[in-house]
Amino acid sequence: MKNEKWEVLDIFENDTKAQIVKGFLNENGIEAEIRDSTVPYGGSAIFGATGPKELLVKSEDLEEARSLIDEINMKE
């Protein structure tokens, strides 16, 4: 994640949910990363490993990732 610009695709309440979406994106050719979220209060310093997680994708993949997520949400 050093030289590329990454953007937050979504914030999940825990790592499990973030991992599921990350796996789906990876299967569809979009690289994604998970990091502790500082939203709303301070990430892992307060919540530990169970706190909210941000799912990030490269800027150039953001629109495609959003479209894939929208597809999933429409099927539910």
# chains A, B, ... in the order shown; residues from 1 in each chain; ligands from 1

call {"tool": "select_by_dssp", "arguments": {"residues": "chain A", "states": "strand (DSSP E or B)", "output": "ChimeraX atom specification"}}
result
/A:6-12,32-36,53-58

call {"tool": "residues_around", "arguments": {"residues": "Ile34 of chain A", "least_positions_apart": "4", "cutoff": "9 Å", "atoms": "only C-alpha atoms", "output": "VMD selection string"}}
result
chain A and resid 15 18 to 19 22 53 to 56

call {"tool": "write_last_selection", "arguments": {"atoms": "all heavy atoms", "output": "short mmCIF file (atom, residue, chain, number, x, y, z; two decimals), in the first residue's frame"}}
result
data_model
loop_
_atom_site.label_atom_id
_atom_site.label_comp_id
_atom_site.auth_asym_id
_atom_site.auth_seq_id
_atom_site.Cartn_x
_atom_site.Cartn_y
_atom_site.Cartn_z
N ASP A 15 -14.05 -7.77 11.98
CA ASP A 15 -13.13 -8.31 10.99
C ASP A 15 -13.77 -9.39 10.13
O ASP A 15 -13.49 -9.49 8.94
CB ASP A 15 -11.88 -8.87 11.69
CG ASP A 15 -10.82 -9.30 10.71
OD1 ASP A 15 -10.32 -8.42 9.97
OD2 ASP A 15 -10.48 -10.49 10.67
N ALA A 18 -15.69 -7.89 7.25
CA ALA A 18 -14.74 -7.28 6.32
C ALA A 18 -14.00 -8.34 5.50
O ALA A 18 -13.78 -8.18 4.30
CB ALA A 18 -13.75 -6.40 7.08
N GLN A 19 -13.63 -9.46 6.14
CA GLN A 19 -12.91 -10.53 5.45
C GLN A 19 -13.78 -11.18 4.37
O GLN A 19 -13.28 -11.54 3.30
CB GLN A 19 -12.46 -11.61 6.45
CG GLN A 19 -11.33 -11.18 7.36
CD GLN A 19 -10.00 -11.03 6.65
OE1 GLN A 19 -9.81 -11.41 5.49
NE2 GLN A 19 -9.04 -10.45 7.35
N LYS A 22 -13.83 -8.75 1.48
CA LYS A 22 -12.49 -8.73 0.89
C LYS A 22 -12.29 -9.95 0.00
O LYS A 22 -11.80 -9.84 -1.12
CB LYS A 22 -11.42 -8.70 1.98
CG LYS A 22 -10.02 -8.74 1.43
CD LYS A 22 -8.97 -8.80 2.52
CE LYS A 22 -7.59 -8.91 1.89
NZ LYS A 22 -6.54 -9.12 2.87
N LYS A 53 -13.70 -2.23 11.28
CA LYS A 53 -12.63 -2.38 10.28
C LYS A 53 -12.99 -1.61 9.03
O LYS A 53 -14.15 -1.58 8.62
CB LYS A 53 -12.42 -3.86 9.92
CG LYS A 53 -12.12 -4.76 11.09
CD LYS A 53 -10.79 -4.44 11.73
CE LYS A 53 -10.54 -5.36 12.91
NZ LYS A 53 -9.33 -5.03 13.62
N GLU A 54 -11.98 -1.00 8.43
CA GLU A 54 -12.14 -0.33 7.14
C GLU A 54 -11.65 -1.26 6.05
O GLU A 54 -10.61 -1.89 6.19
CB GLU A 54 -11.33 0.97 7.10
CG GLU A 54 -11.83 2.00 8.06
CD GLU A 54 -11.00 3.29 8.05
OE1 GLU A 54 -9.93 3.32 7.41
OE2 GLU A 54 -11.44 4.25 8.69
N LEU A 55 -12.41 -1.34 4.97
CA LEU A 55 -12.01 -2.11 3.81
C LEU A 55 -11.57 -1.12 2.74
O LEU A 55 -12.34 -0.24 2.36
CB LEU A 55 -13.17 -2.97 3.30
CG LEU A 55 -12.87 -3.88 2.12
CD1 LEU A 55 -11.82 -4.93 2.51
CD2 LEU A 55 -14.12 -4.57 1.65
N LEU A 56 -10.33 -1.24 2.32
CA LEU A 56 -9.76 -0.31 1.36
C LEU A 56 -9.50 -0.99 0.03
O LEU A 56 -9.14 -2.17 -0.01
CB LEU A 56 -8.44 0.26 1.88
CG LEU A 56 -8.53 1.06 3.16
CD1 LEU A 56 -8.18 0.19 4.35
CD2 LEU A 56 -7.62 2.25 3.09
#

call {"tool": "residues_around", "arguments": {"residues": "segment 68-76 of chain A", "least_positions_apart": "2", "cutoff": "12 Å", "atoms": "only C-alpha atoms", "output": "ChimeraX atom specification"}}
result
/A:9-10,20-30,55,61-66

call {"tool": "write_last_selection", "arguments": {"atoms": "N, CA, C and O atoms", "output": "PDB file, in the first residue's frame"}}
result
ATOM      1  N   LEU A   9     -13.572   1.774   1.041  1.00  0.00           N
ATOM      2  CA  LEU A   9     -14.779   1.327   0.345  1.00  0.00           C
ATOM      3  C   LEU A   9     -15.958   1.277   1.319  1.00  0.00           C
ATOM      4  O   LEU A   9     -17.053   1.713   0.998  1.00  0.00           O
ATOM      5  N   ASP A  10     -15.692   0.751   2.517  1.00  0.00           N
ATOM      6  CA  ASP A  10     -16.764   0.625   3.501  1.00  0.00           C
ATOM      7  C   ASP A  10     -16.154   0.380   4.874  1.00  0.00           C
ATOM      8  O   ASP A  10     -14.976   0.040   4.990  1.00  0.00           O
ATOM      9  N   ILE A  20     -15.068 -11.311   4.632  1.00  0.00           N
ATOM     10  CA  ILE A  20     -15.976 -11.907   3.646  1.00  0.00           C
ATOM     11  C   ILE A  20     -16.024 -11.043   2.387  1.00  0.00           C
ATOM     12  O   ILE A  20     -15.893 -11.540   1.263  1.00  0.00           O
ATOM     13  N   VAL A  21     -16.193  -9.748   2.558  1.00  0.00           N
ATOM     14  CA  VAL A  21     -16.264  -8.850   1.400  1.00  0.00           C
ATOM     15  C   VAL A  21     -14.914  -8.762   0.710  1.00  0.00           C
ATOM     16  O   VAL A  21     -14.831  -8.756  -0.522  1.00  0.00           O
ATOM     17  N   LYS A  22     -13.827  -8.748   1.484  1.00  0.00           N
ATOM     18  CA  LYS A  22     -12.491  -8.725   0.890  1.00  0.00           C
ATOM     19  C   LYS A  22     -12.290  -9.948   0.003  1.00  0.00           C
ATOM     20  O   LYS A  22     -11.798  -9.839  -1.121  1.00  0.00           O
ATOM     21  N   GLY A  23     -12.699 -11.124   0.493  1.00  0.00           N
ATOM     22  CA  GLY A  23     -12.569 -12.352  -0.297  1.00  0.00           C
ATOM     23  C   GLY A  23     -13.360 -12.284  -1.587  1.00  0.00           C
ATOM     24  O   GLY A  23     -12.889 -12.699  -2.651  1.00  0.00           O
ATOM     25  N   PHE A  24     -14.571 -11.751  -1.508  1.00  0.00           N
ATOM     26  CA  PHE A  24     -15.407 -11.597  -2.699  1.00  0.00           C
ATOM     27  C   PHE A  24     -14.734 -10.680  -3.713  1.00  0.00           C
ATOM     28  O   PHE A  24     -14.682 -10.988  -4.909  1.00  0.00           O
ATOM     29  N   LEU A  25     -14.204  -9.562  -3.254  1.00  0.00           N
ATOM     30  CA  LEU A  25     -13.527  -8.630  -4.160  1.00  0.00           C
ATOM     31  C   LEU A  25     -12.296  -9.276  -4.774  1.00  0.00           C
ATOM     32  O   LEU A  25     -12.056  -9.149  -5.982  1.00  0.00           O
ATOM     33  N   ASN A  26     -11.507  -9.980  -3.957  1.00  0.00           N
ATOM     34  CA  ASN A  26     -10.316 -10.654  -4.464  1.00  0.00           C
ATOM     35  C   ASN A  26     -10.672 -11.668  -5.548  1.00  0.00           C
ATOM     36  O   ASN A  26      -9.978 -11.762  -6.568  1.00  0.00           O
ATOM     37  N   GLU A  27     -11.759 -12.410  -5.338  1.00  0.00           N
ATOM     38  CA  GLU A  27     -12.204 -13.393  -6.332  1.00  0.00           C
ATOM     39  C   GLU A  27     -12.604 -12.726  -7.643  1.00  0.00           C
ATOM     40  O   GLU A  27     -12.584 -13.358  -8.697  1.00  0.00           O
ATOM     41  N   ASN A  28     -12.976 -11.463  -7.568  1.00  0.00           N
ATOM     42  CA  ASN A  28     -13.371 -10.716  -8.767  1.00  0.00           C
ATOM     43  C   ASN A  28     -12.262  -9.802  -9.274  1.00  0.00           C
ATOM     44  O   ASN A  28     -12.516  -8.871 -10.034  1.00  0.00           O
ATOM     45  N   GLY A  29     -11.028 -10.069  -8.846  1.00  0.00           N
ATOM     46  CA  GLY A  29      -9.864  -9.381  -9.391  1.00  0.00           C
ATOM     47  C   GLY A  29      -9.560  -8.015  -8.794  1.00  0.00           C
ATOM     48  O   GLY A  29      -8.793  -7.253  -9.365  1.00  0.00           O
ATOM     49  N   ILE A  30     -10.157  -7.710  -7.649  1.00  0.00           N
ATOM     50  CA  ILE A  30      -9.899  -6.420  -7.016  1.00  0.00           C
ATOM     51  C   ILE A  30      -9.127  -6.647  -5.726  1.00  0.00           C
ATOM     52  O   ILE A  30      -9.584  -7.367  -4.826  1.00  0.00           O
ATOM     53  N   LEU A  55     -12.413  -1.339   4.974  1.00  0.00           N
ATOM     54  CA  LEU A  55     -12.014  -2.109   3.805  1.00  0.00           C
ATOM     55  C   LEU A  55     -11.571  -1.116   2.743  1.00  0.00           C
ATOM     56  O   LEU A  55     -12.342  -0.238   2.360  1.00  0.00           O
ATOM     57  N   ASP A  61      -9.816   1.148  -8.593  1.00  0.00           N
ATOM     58  CA  ASP A  61     -10.777   0.047  -8.496  1.00  0.00           C
ATOM     59  C   ASP A  61     -12.031   0.414  -7.709  1.00  0.00           C
ATOM     60  O   ASP A  61     -12.953  -0.406  -7.591  1.00  0.00           O
ATOM     61  N   LEU A  62     -12.096   1.620  -7.187  1.00  0.00           N
ATOM     62  CA  LEU A  62     -13.172   2.000  -6.276  1.00  0.00           C
ATOM     63  C   LEU A  62     -14.558   1.858  -6.911  1.00  0.00           C
ATOM     64  O   LEU A  62     -15.456   1.255  -6.323  1.00  0.00           O
ATOM     65  N   GLU A  63     -14.749   2.386  -8.106  1.00  0.00           N
ATOM     66  CA  GLU A  63     -16.071   2.330  -8.741  1.00  0.00           C
ATOM     67  C   GLU A  63     -16.493   0.899  -9.051  1.00  0.00           C
ATOM     68  O   GLU A  63     -17.644   0.520  -8.838  1.00  0.00           O
ATOM     69  N   GLU A  64     -15.565   0.101  -9.551  1.00  0.00           N
ATOM     70  CA  GLU A  64     -15.886  -1.300  -9.858  1.00  0.00           C
ATOM     71  C   GLU A  64     -16.231  -2.058  -8.574  1.00  0.00           C
ATOM     72  O   GLU A  64     -17.184  -2.845  -8.542  1.00  0.00           O
ATOM     73  N   ALA A  65     -15.483  -1.798  -7.508  1.00  0.00           N
ATOM     74  CA  ALA A  65     -15.758  -2.451  -6.224  1.00  0.00           C
ATOM     75  C   ALA A  65     -17.139  -2.057  -5.711  1.00  0.00           C
ATOM     76  O   ALA A  65     -17.898  -2.913  -5.230  1.00  0.00           O
ATOM     77  N   ARG A  66     -17.480  -0.792  -5.821  1.00  0.00           N
ATOM     78  CA  ARG A  66     -18.810  -0.341  -5.391  1.00  0.00           C
ATOM     79  C   ARG A  66     -19.910  -1.025  -6.199  1.00  0.00           C
ATOM     80  O   ARG A  66     -20.943  -1.414  -5.657  1.00  0.00           O
TER      81      ARG A  66
END

call {"tool": "closest_residue", "arguments": {"among": "A:Lys17, A:Glu7, A:Phe12, A:Ser37", "to": "Glu60 of chain A", "atoms": "only C-alpha atoms"}}
result
A:Glu7

call {"tool": "atom_distance", "arguments": {"atom1": "atom CA of Asn14 of chain A", "atom2": "atom CA of Arg35 of chain A"}}
result
10.6 Å

call {"tool": "closest_residue", "arguments": {"among": "A:Asn3, A:Ala32, A:Thr38, A:Ile11", "to": "Lys58 of chain A", "atoms": "only C-alpha atoms"}}
result
A:Ala32

call {"tool": "select_by_dssp", "arguments": {"residues": "segment 12-75 of chain A", "states": "helix (DSSP H, G or I)", "output": "VMD selection string"}}
result
chain A and resid 15 to 27 44 to 50 59 to 75
